[in-house]
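*Asks:* For reference, this is target_31.cif, and it has mmCIF, C-alpha atoms and all ligand atoms.
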```cif
data_target
loop_
_atom_site.label_atom_id
_atom_site.label_comp_id
_atom_site.auth_asym_id
_atom_site.auth_seq_id
_atom_site.Cartn_x
_atom_site.Cartn_y
_atom_site.Cartn_z
CA MET A 1 -7.65 -30.35 18.36
CA THR A 2 -5.27 -28.88 15.86
CA GLN A 3 -3.12 -26.04 17.12
CA LEU A 4 -2.48 -22.98 15.00
CA ASP A 5 0.24 -21.53 17.24
CA ARG A 6 0.49 -18.20 15.38
CA GLY A 7 -0.29 -15.86 18.25
CA CYS A 8 -3.90 -15.25 17.28
CA LYS A 9 -7.34 -16.70 18.02
CA ILE A 10 -9.91 -17.57 15.36
CA THR A 11 -13.41 -18.24 16.71
CA TRP A 12 -16.28 -19.42 14.52
CA LEU A 13 -19.60 -17.89 15.57
CA GLY A 14 -21.72 -19.93 13.16
CA HIS A 15 -22.61 -19.29 9.50
CA ALA A 16 -19.99 -16.89 8.04
CA ALA A 17 -19.32 -15.04 11.30
CA PHE A 18 -15.82 -15.09 12.78
CA ARG A 19 -14.08 -13.29 15.61
CA VAL A 20 -10.33 -12.93 15.16
CA GLU A 21 -8.14 -11.74 18.02
CA SER A 22 -4.77 -10.48 16.87
CA PRO A 23 -1.42 -10.97 18.62
CA LYS A 24 -1.77 -7.44 20.00
CA GLY A 25 -5.27 -8.13 21.30
CA LYS A 26 -7.22 -6.34 18.60
CA VAL A 27 -10.64 -7.82 17.90
CA ILE A 28 -11.81 -8.17 14.30
CA LEU A 29 -15.31 -9.37 13.43
CA ILE A 30 -16.07 -10.71 9.96
CA ASP A 31 -19.69 -11.00 8.76
CA PRO A 32 -21.16 -10.61 12.26
CA TRP A 33 -24.64 -12.12 12.02
CA LEU A 34 -24.56 -13.12 15.66
CA GLY A 35 -28.22 -14.06 15.84
CA ASN A 36 -27.76 -16.86 13.34
CA PRO A 37 -29.40 -20.17 14.32
CA LYS A 38 -26.04 -21.80 15.15
CA ALA A 39 -24.43 -18.87 16.95
CA PRO A 40 -23.46 -19.41 20.59
CA ALA A 41 -26.22 -18.09 22.87
CA GLY A 42 -25.61 -14.49 23.85
CA ALA A 43 -22.82 -13.99 21.28
CA LEU A 44 -23.86 -10.40 20.60
CA ASP A 45 -24.08 -9.43 24.27
CA ALA A 46 -20.78 -11.18 25.01
CA LEU A 47 -18.80 -8.71 22.90
CA THR A 48 -16.60 -6.41 24.97
CA ARG A 49 -14.56 -4.73 22.24
CA VAL A 50 -14.51 -4.61 18.46
CA ASP A 51 -11.68 -2.77 16.71
CA ALA A 52 -12.53 -3.61 13.11
CA LEU A 53 -15.62 -5.02 11.44
CA LEU A 54 -15.38 -6.53 7.95
CA PRO A 55 -18.64 -7.13 6.04
CA THR A 56 -18.07 -9.11 2.83
CA HIS A 57 -21.35 -8.05 1.23
CA ALA A 58 -24.76 -6.52 1.87
CA HIS A 59 -26.80 -9.73 2.27
CA GLY A 60 -28.49 -9.79 5.65
CA ASP A 61 -26.84 -13.02 6.75
CA HIS A 62 -23.45 -11.27 6.47
CA LEU A 63 -24.14 -7.62 7.28
CA GLY A 64 -26.01 -9.09 10.22
CA ASP A 65 -25.65 -7.02 13.38
CA THR A 66 -23.14 -4.60 11.84
CA ILE A 67 -25.13 -1.45 12.59
CA GLU A 68 -25.83 -2.33 16.23
CA ILE A 69 -22.23 -3.41 16.84
CA ALA A 70 -20.87 -0.29 15.15
CA ARG A 71 -23.00 1.93 17.36
CA ARG A 72 -21.74 0.13 20.49
CA PHE A 73 -18.02 -0.11 19.72
CA GLN A 74 -17.26 2.32 16.85
CA PRO A 75 -15.04 -0.15 14.96
CA GLU A 76 -13.38 0.75 11.70
CA ILE A 77 -15.39 -0.80 8.86
CA PRO A 78 -13.51 -1.41 5.62
CA CYS A 79 -16.08 -2.29 2.97
CA VAL A 80 -16.86 -1.99 -0.71
CA TYR A 81 -17.69 1.55 -1.82
CA GLU A 82 -21.45 1.10 -2.24
CA LEU A 83 -21.79 -0.58 1.14
CA HIS A 84 -19.92 2.39 2.61
CA LEU A 85 -22.53 4.67 1.04
CA TYR A 86 -25.32 2.64 2.64
CA LEU A 87 -23.74 2.33 6.09
CA SER A 88 -22.60 5.92 6.28
CA GLY A 89 -26.17 6.86 5.34
CA LYS A 90 -27.25 4.93 8.43
CA GLY A 91 -25.05 7.21 10.51
CA LEU A 92 -21.94 5.03 10.87
CA GLU A 93 -18.94 7.34 10.88
CA LYS A 94 -15.98 4.98 10.58
CA THR A 95 -16.65 3.19 7.31
CA LEU A 96 -13.54 2.99 5.12
CA PRO A 97 -14.49 2.54 1.46
CA MET A 98 -12.33 0.40 -0.79
CA ASN A 99 -12.59 -1.99 -3.68
CA LYS A 100 -11.09 -5.20 -5.00
CA GLY A 101 -7.30 -5.27 -5.18
CA GLY A 102 -7.06 -2.43 -2.67
CA ALA A 103 -5.66 -2.69 0.82
CA GLN A 104 -5.69 -0.54 3.91
CA THR A 105 -4.54 -0.70 7.50
CA VAL A 106 -7.11 -0.82 10.29
CA ALA A 107 -6.96 -1.13 14.06
CA GLY A 108 -3.46 0.29 14.21
CA GLY A 109 -1.63 -2.41 12.26
CA ILE A 110 -3.92 -4.94 10.61
CA GLN A 111 -3.75 -5.00 6.83
CA VAL A 112 -7.04 -5.73 5.04
CA THR A 113 -7.03 -6.54 1.32
CA MET A 114 -10.28 -6.83 -0.62
CA VAL A 115 -10.48 -9.68 -3.13
CA SER A 116 -13.10 -10.98 -5.53
CA ALA A 117 -16.03 -13.23 -4.76
CA ASP A 118 -18.36 -14.80 -7.31
CA HIS A 119 -21.78 -14.03 -5.86
CA SER A 120 -24.39 -11.22 -5.75
CA ALA A 121 -25.06 -8.51 -3.19
CA GLY A 122 -28.47 -6.89 -3.60
CA TYR A 123 -30.42 -6.12 -0.45
CA GLN A 124 -33.67 -4.65 0.81
CA ASP A 125 -34.23 -1.77 3.18
CA ASP A 126 -37.88 -0.76 3.50
CA ALA A 127 -36.83 2.58 4.97
CA ILE A 128 -35.21 3.42 1.63
CA ALA A 129 -37.41 1.68 -0.94
CA PRO A 130 -40.06 -0.83 0.15
CA LYS A 131 -40.05 -4.15 -1.68
CA ARG A 132 -37.18 -3.20 -3.98
CA ALA A 133 -33.81 -4.87 -4.41
CA LEU A 134 -31.12 -2.25 -3.81
CA TYR A 135 -27.60 -2.36 -5.26
CA GLY A 136 -25.06 -3.19 -2.58
CA GLY A 137 -21.94 -3.05 -4.71
CA GLU A 138 -19.83 -6.07 -5.56
CA PRO A 139 -19.55 -8.90 -3.04
CA CYS A 140 -16.02 -9.57 -1.88
CA GLY A 141 -13.67 -11.65 0.19
CA PHE A 142 -10.96 -10.37 2.52
CA VAL A 143 -7.34 -11.27 3.15
CA VAL A 144 -6.46 -10.15 6.68
CA GLU A 145 -2.82 -9.81 7.72
CA LEU A 146 -2.21 -9.50 11.45
CA GLU A 147 0.64 -7.58 13.10
CA ASN A 148 2.97 -10.61 12.98
CA GLY A 149 2.44 -11.34 9.29
CA PHE A 150 -0.11 -14.14 9.77
CA ARG A 151 -2.60 -14.07 6.91
CA LEU A 152 -6.07 -15.47 6.70
CA TYR A 153 -8.53 -15.45 3.78
CA HIS A 154 -12.28 -15.17 4.36
CA ALA A 155 -13.90 -15.98 1.02
CA GLY A 156 -17.31 -14.45 1.79
CA ASP A 157 -20.12 -16.06 -0.17
CA THR A 158 -18.75 -17.40 -3.42
CA ASN A 159 -18.54 -20.11 -5.99
CA VAL A 160 -15.10 -21.41 -6.88
CA PHE A 161 -13.36 -19.28 -9.54
CA GLY A 162 -10.02 -19.69 -11.24
CA ASP A 163 -8.60 -16.43 -9.94
CA MET A 164 -8.54 -17.94 -6.45
CA LYS A 165 -5.13 -19.11 -7.70
CA LEU A 166 -4.10 -15.47 -7.81
CA ILE A 167 -5.28 -14.95 -4.24
CA GLY A 168 -3.09 -17.88 -3.24
CA GLU A 169 -0.08 -16.68 -5.22
CA LEU A 170 -0.32 -13.06 -4.16
CA TYR A 171 -1.17 -13.38 -0.48
CA LYS A 172 -0.22 -16.93 0.55
CA PRO A 173 -2.82 -17.22 3.33
CA GLU A 174 -2.11 -19.77 6.05
CA VAL A 175 -5.80 -20.35 6.76
CA ALA A 176 -8.74 -20.17 4.33
CA LEU A 177 -12.32 -19.80 5.54
CA LEU A 178 -14.47 -21.28 2.77
CA PRO A 179 -18.24 -21.68 2.37
CA ILE A 180 -19.30 -25.29 1.74
CA GLY A 181 -23.06 -25.38 2.30
CA GLY A 182 -24.22 -25.23 -1.30
CA LEU A 183 -27.40 -23.61 -2.68
CA PHE A 184 -26.31 -19.96 -2.14
CA THR A 185 -22.57 -20.72 -2.32
CA MET A 186 -20.31 -23.48 -3.51
CA GLY A 187 -20.68 -26.92 -1.97
CA PRO A 188 -17.94 -29.33 -0.87
CA ARG A 189 -16.90 -30.42 -4.38
CA GLU A 190 -16.36 -26.86 -5.58
CA ALA A 191 -14.87 -25.83 -2.23
CA ALA A 192 -12.27 -28.59 -2.51
CA MET A 193 -11.14 -27.15 -5.82
CA ALA A 194 -11.15 -23.68 -4.24
CA ALA A 195 -8.96 -24.95 -1.42
CA ARG A 196 -6.48 -26.39 -3.94
CA PHE A 197 -6.43 -23.10 -5.88
CA VAL A 198 -5.85 -21.01 -2.75
CA GLY A 199 -3.28 -23.45 -1.41
CA ALA A 200 -3.66 -22.58 2.27
CA PRO A 201 -2.52 -25.53 4.39
CA LYS A 202 -5.55 -25.20 6.67
CA VAL A 203 -9.21 -24.73 5.71
CA ILE A 204 -12.05 -23.88 8.07
CA PRO A 205 -15.44 -24.64 6.48
CA MET A 206 -18.30 -22.22 7.03
CA HIS A 207 -21.75 -21.26 5.68
CA TYR A 208 -23.15 -24.77 6.18
CA GLY A 209 -25.68 -26.30 8.56
CA THR A 210 -27.25 -22.97 9.44
CA PHE A 211 -30.46 -24.13 7.78
CA PRO A 212 -31.20 -27.61 6.37
CA PRO A 213 -30.73 -26.53 2.71
CA LEU A 214 -27.09 -25.58 3.43
CA ALA A 215 -26.35 -29.28 3.37
CA GLY A 216 -22.64 -29.54 2.58
CA THR A 217 -20.55 -31.03 5.38
CA PRO A 218 -16.92 -30.82 6.50
CA ALA A 219 -16.68 -34.61 6.10
CA GLU A 220 -17.54 -34.30 2.43
CA LEU A 221 -14.95 -31.56 2.02
CA ALA A 222 -12.32 -33.63 3.82
CA LYS A 223 -13.09 -36.61 1.59
CA GLU A 224 -12.68 -34.46 -1.53
CA LEU A 225 -9.36 -33.18 -0.18
CA SER A 226 -7.96 -36.50 0.99
CA GLY A 227 -4.35 -36.87 -0.07
CA SER A 228 -3.99 -33.16 -0.84
CA GLY A 229 -2.10 -32.29 2.34
CA ILE A 230 -4.73 -29.65 3.10
CA GLU A 231 -6.17 -29.96 6.58
CA VAL A 232 -9.90 -29.40 7.11
CA ILE A 233 -10.54 -27.94 10.55
CA ALA A 234 -14.24 -28.22 11.39
CA LEU A 235 -14.91 -25.89 14.31
CA THR A 236 -18.12 -26.07 16.28
CA PRO A 237 -19.83 -22.69 16.78
CA GLY A 238 -18.08 -20.92 19.63
CA GLU A 239 -14.92 -22.98 19.26
CA THR A 240 -11.56 -21.25 18.92
CA LEU A 241 -8.54 -22.26 16.87
CA GLN A 242 -5.36 -20.82 18.38
NI NI B 301 -24.71 -13.77 0.20
MN MN B 302 -24.70 -15.91 2.76
#
```
Since I need it in another form, could you write the structure as structure tokens?
Ligand code: NI
Ligand code: MN
*Replies:*
Amino acid sequence: MTQLDRGCKITWLGHAAFRVESPKGKVILIDPWLGNPKAPAGALDALTRVDALLPTHAHGDHLGDTIEIARRFQPEIPCVYELHLYLSGKGLEKTLPMNKGGAQTVAGGIQVTMVSADHSAGYQDDAIAPKRALYGGEPCGFVVELENGFRLYHAGDTNVFGDMKLIGELYKPEVALLPIGGLFTMGPREAAMAARFVGAPKVIPMHYGTFPPLAGTPAELAKELSGSGIEVIALTPGETLQ
């Protein structure tokens, strides 16, 4: 198993859900749908602290258990403005609105920068408007910089887009978390181009295998990236890169 050796722990919880533990022991959850079909059993109950929670967009497979987790642990929740409106309307008090290109510090020293994603973000909430698609604001990705300067990029749900080059140039992430499943996001062919644009030396594939239609595989991504010098690290759900 590849070692990261950067003082942090990155655990894949299936689908787009990740737990990141910083060098100072802060726990960051990204897209915490912990009841996803590939999540480790009891992943939601196993949480003991959450300092920051980062939802990339309002789709249910990303917002996931955000409201329940927020009520249990009161994490700071940086999110796009319209998602802040929705979540604060649900009674969450520590949402921190922002938008693309903006950055803010959470959990006492973790820098979160919001970046673009090429996707959609409508959602439904029958308590607000039955059977209507509601506007969740723009979908996004996040660049997360830990206390020691380590940077990781979670792309959210997205297709490849040329401005991923800017994300690479501006933030120089060491690890990129990229969707590869296809159908609702890019598949391996597009994700390989995304990986080249971003330029991170390590890529962790996500958003595949959750359901049969999300058919892209890490092997296909690795084949597309052969000779690039970019390492594809296929975690199994519950596995930690550290
Ligand atoms: Ni989505
Ligand atoms: Mn999704």
*Asks:* Please determine, counting all atoms listed in the file, which residue among A:Asp118, A:Glu190, A:Asp5, A:Asp51 has the shortest atom-to-atom distance to ligand MN 302 (chain B).
*Replies:*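 Of the candidates, the smallest distance to ligand MN 302 (chain B) is held by A:Asp118.
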*Asks:* Hey, which residues sit close to ligand MN 302 (chain B)? Say within 8 Å, counting all atoms listed in the file, and write them as a PyMOL selection string.
*Replies:* chain A and resi 15-16+59-62+156-157+184-185+207
*Asks:* Pick from A:Ala70, A:Ile204, A:Leu13, A:Leu235: nearest to Ala46 in chain A, with all atoms listed in the file counted?
*Replies:* A:Leu13
*Asks:* Work out how far CA of Tyr135 in chain A is from CA of Gly122 in chain A, in Å to one decimal.
*Replies:*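 Calculated distance between CA of Gly122 in chain A and CA of Tyr135 in chain A is 4.9 Å.
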*Asks:* Any idea what's packed within 9 Å of Thr66 in chain A, counting all atoms listed in the file, ignoring anything in its chain fewer than 5 positions away? Could you give it as a JSON list (two decimals) with C-alpha atoms, in the coordinates of the input?
*Replies:*
```json
[["chain", "number", "residue", "atom", "x", "y", "z"],
["A", 31, "ASP", "CA", -19.69, -11.00, 8.76],
["A", 32, "PRO", "CA", -21.16, -10.61, 12.26],
["A", 33, "TRP", "CA", -24.64, -12.12, 12.02],
["A", 53, "LEU", "CA", -15.62, -5.02, 11.44],
["A", 54, "LEU", "CA", -15.38, -6.53, 7.95],
["A", 55, "PRO", "CA", -18.64, -7.13, 6.04],
["A", 71, "ARG", "CA", -23.00, 1.93, 17.36]]
```
*Asks:* Between A:Pro212, A:Gly182, A:Gly141, A:Gly14, which one has atoms that come closest to Cys79 in chain A, using all atoms listed in the file?
*Replies:*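 Closest candidate: A:Gly141.
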*Asks:* Could you please give me, as a VMD selection string, the residues of protein, DNA or RNA lying at most 9 Å from (-28.4, -27.2, 2.1) in the coordinate frame of the file, considering all atoms listed in the file?
*Replies:* chain A and resid 181 to 184 187 208 to 216
*Asks:* Nearest residue to ligand NI 301 (chain B) out of A:Val112, A:Val198, A:Ile230, A:Leu63, using all atoms listed in the file?
*Replies:*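 Comparing A:Val112, A:Val198, A:Ile230, A:Leu63 against ligand NI 301 (chain B), the winner is A:Leu63.
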*Asks:* Report, in Å to a single decimal, how far apart CA of Val144 in chain A and CA of Lys90 in chain A are.
*Replies:*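 CA of Val144 in chain A lies 25.7 Å from CA of Lys90 in chain A.
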*Asks:* Would you give the centre and edge lengths, in Å to one decimal, of a box along x, y and z around the listed atoms of range 91-98 of chain A, with 3 Å added to each side, as JSON?
*Replies:*
```
{"center_x": -18.7, "center_y": 3.9, "center_z": 5.0, "size_x": 18.7, "size_y": 12.9, "size_z": 17.7}
```
*Asks:* What gap, in Å, lies between CA of Ile233 in chain A and CA of Gly35 in chain A?
*Replies:*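 According to the coordinates, CA of Ile233 in chain A and CA of Gly35 in chain A are separated by 23.1 Å.
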*Asks:* Between A:Ala107, A:Ala17, A:Leu146, A:Ile167, which one has atoms that come closest to Ile30 in chain A, using all atoms listed in the file?
*Replies:*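 Between A:Ala107, A:Ala17, A:Leu146, A:Ile167, the residue approaching Ile30 in chain A most closely is A:Ala17.
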*Asks:* Excluding Arg72 in chain A and its own-chain neighbours fewer than 4 positions away, which residues fall within 12 Å of it when counting only C-alpha atoms? Please give them as a PyMOL selection string.
*Replies:* chain A and resi 44-45+47-51+65-68+92
*Asks:* Which residue, A:Cys140, A:Ala127, A:Leu85, A:Val27, has the smallest gap to ligand NI 301 (chain B) when you use all atoms listed in the file?
*Replies:* A:Cys140
*Asks:* List the spatial neighbours of range 168-176 of chain A as a PDB file with C-alpha atoms, keeping the file's coordinate frame - criterion: any atom at most 8 Å away, only C-alpha atoms, same-chain residues fewer than 5 positions off excluded.
*Replies:*
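This is the output file part.pdb:
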```pdb
ATOM      1  CA  VAL A 143      -7.340 -11.270   3.150  1.00  0.00           C
ATOM      2  CA  PHE A 150      -0.110 -14.140   9.770  1.00  0.00           C
ATOM      3  CA  ARG A 151      -2.600 -14.070   6.910  1.00  0.00           C
ATOM      4  CA  LEU A 152      -6.070 -15.470   6.700  1.00  0.00           C
ATOM      5  CA  TYR A 153      -8.530 -15.450   3.780  1.00  0.00           C
ATOM      6  CA  HIS A 154     -12.280 -15.170   4.360  1.00  0.00           C
ATOM      7  CA  ALA A 155     -13.900 -15.980   1.020  1.00  0.00           C
ATOM      8  CA  ALA A 195      -8.960 -24.950  -1.420  1.00  0.00           C
ATOM      9  CA  PHE A 197      -6.430 -23.100  -5.880  1.00  0.00           C
ATOM     10  CA  VAL A 198      -5.850 -21.010  -2.750  1.00  0.00           C
ATOM     11  CA  GLY A 199      -3.280 -23.450  -1.410  1.00  0.00           C
ATOM     12  CA  ALA A 200      -3.660 -22.580   2.270  1.00  0.00           C
ATOM     13  CA  PRO A 201      -2.520 -25.530   4.390  1.00  0.00           C
ATOM     14  CA  LYS A 202      -5.550 -25.200   6.670  1.00  0.00           C
ATOM     15  CA  VAL A 203      -9.210 -24.730   5.710  1.00  0.00           C
ATOM     16  CA  ILE A 204     -12.050 -23.880   8.070  1.00  0.00           C
TER      17      ILE A 204
END
```
*Asks:* Kindly write range 42-62 of chain A with N, CA and C atoms to a file, as a PDB file, in the first residue's frame.
*Replies:*
```pdb
ATOM      1  N   GLY A  42     -21.943   0.763   9.906  1.00  0.00           N
ATOM      2  CA  GLY A  42     -21.871   1.563  11.131  1.00  0.00           C
ATOM      3  C   GLY A  42     -21.031   2.818  11.012  1.00  0.00           C
ATOM      4  N   ALA A  43     -20.759   3.276   9.781  1.00  0.00           N
ATOM      5  CA  ALA A  43     -19.870   4.439   9.596  1.00  0.00           C
ATOM      6  C   ALA A  43     -20.417   5.692  10.280  1.00  0.00           C
ATOM      7  N   LEU A  44     -21.729   5.854  10.245  1.00  0.00           N
ATOM      8  CA  LEU A  44     -22.315   7.045  10.869  1.00  0.00           C
ATOM      9  C   LEU A  44     -22.179   6.985  12.390  1.00  0.00           C
ATOM     10  N   ASP A  45     -22.496   5.830  12.957  1.00  0.00           N
ATOM     11  CA  ASP A  45     -22.413   5.686  14.414  1.00  0.00           C
ATOM     12  C   ASP A  45     -20.976   5.718  14.917  1.00  0.00           C
ATOM     13  N   ALA A  46     -20.028   5.377  14.035  1.00  0.00           N
ATOM     14  CA  ALA A  46     -18.624   5.311  14.456  1.00  0.00           C
ATOM     15  C   ALA A  46     -17.990   6.686  14.631  1.00  0.00           C
ATOM     16  N   LEU A  47     -18.660   7.723  14.151  1.00  0.00           N
ATOM     17  CA  LEU A  47     -18.086   9.070  14.284  1.00  0.00           C
ATOM     18  C   LEU A  47     -17.992   9.450  15.757  1.00  0.00           C
ATOM     19  N   THR A  48     -16.864  10.048  16.139  1.00  0.00           N
ATOM     20  CA  THR A  48     -16.717  10.521  17.518  1.00  0.00           C
ATOM     21  C   THR A  48     -16.464  12.021  17.588  1.00  0.00           C
ATOM     22  N   ARG A  49     -15.995  12.605  16.491  1.00  0.00           N
ATOM     23  CA  ARG A  49     -15.886  14.061  16.410  1.00  0.00           C
ATOM     24  C   ARG A  49     -15.896  14.471  14.941  1.00  0.00           C
ATOM     25  N   VAL A  50     -16.420  15.636  14.681  1.00  0.00           N
ATOM     26  CA  VAL A  50     -16.385  16.226  13.341  1.00  0.00           C
ATOM     27  C   VAL A  50     -16.180  17.726  13.542  1.00  0.00           C
ATOM     28  N   ASP A  51     -15.071  18.242  13.059  1.00  0.00           N
ATOM     29  CA  ASP A  51     -14.770  19.661  13.230  1.00  0.00           C
ATOM     30  C   ASP A  51     -15.257  20.504  12.062  1.00  0.00           C
ATOM     31  N   ALA A  52     -15.210  19.937  10.868  1.00  0.00           N
ATOM     32  CA  ALA A  52     -15.692  20.659   9.684  1.00  0.00           C
ATOM     33  C   ALA A  52     -16.352  19.666   8.753  1.00  0.00           C
ATOM     34  N   LEU A  53     -17.411  20.135   8.098  1.00  0.00           N
ATOM     35  CA  LEU A  53     -18.159  19.286   7.171  1.00  0.00           C
ATOM     36  C   LEU A  53     -18.314  20.058   5.865  1.00  0.00           C
ATOM     37  N   LEU A  54     -17.862  19.459   4.765  1.00  0.00           N
ATOM     38  CA  LEU A  54     -17.810  20.155   3.476  1.00  0.00           C
ATOM     39  C   LEU A  54     -18.725  19.463   2.465  1.00  0.00           C
ATOM     40  N   PRO A  55     -19.912  20.014   2.223  1.00  0.00           N
ATOM     41  CA  PRO A  55     -20.785  19.450   1.183  1.00  0.00           C
ATOM     42  C   PRO A  55     -20.511  20.148  -0.158  1.00  0.00           C
ATOM     43  N   THR A  56     -20.230  19.347  -1.198  1.00  0.00           N
ATOM     44  CA  THR A  56     -19.910  19.953  -2.497  1.00  0.00           C
ATOM     45  C   THR A  56     -21.140  20.471  -3.223  1.00  0.00           C
ATOM     46  N   HIS A  57     -22.285  19.836  -3.002  1.00  0.00           N
ATOM     47  CA  HIS A  57     -23.525  20.302  -3.628  1.00  0.00           C
ATOM     48  C   HIS A  57     -24.713  19.635  -2.975  1.00  0.00           C
ATOM     49  N   ALA A  58     -25.918  20.074  -3.389  1.00  0.00           N
ATOM     50  CA  ALA A  58     -27.137  19.719  -2.661  1.00  0.00           C
ATOM     51  C   ALA A  58     -27.707  18.349  -3.014  1.00  0.00           C
ATOM     52  N   HIS A  59     -27.137  17.649  -3.997  1.00  0.00           N
ATOM     53  CA  HIS A  59     -27.675  16.317  -4.318  1.00  0.00           C
ATOM     54  C   HIS A  59     -27.589  15.404  -3.093  1.00  0.00           C
ATOM     55  N   GLY A  60     -28.618  14.567  -2.946  1.00  0.00           N
ATOM     56  CA  GLY A  60     -28.740  13.755  -1.742  1.00  0.00           C
ATOM     57  C   GLY A  60     -27.586  12.804  -1.500  1.00  0.00           C
ATOM     58  N   ASP A  61     -26.926  12.374  -2.588  1.00  0.00           N
ATOM     59  CA  ASP A  61     -25.821  11.436  -2.402  1.00  0.00           C
ATOM     60  C   ASP A  61     -24.537  12.147  -1.954  1.00  0.00           C
ATOM     61  N   HIS A  62     -24.622  13.462  -1.763  1.00  0.00           N
ATOM     62  CA  HIS A  62     -23.466  14.242  -1.281  1.00  0.00           C
ATOM     63  C   HIS A  62     -23.797  14.961   0.019  1.00  0.00           C
TER      64      HIS A  62
END
```
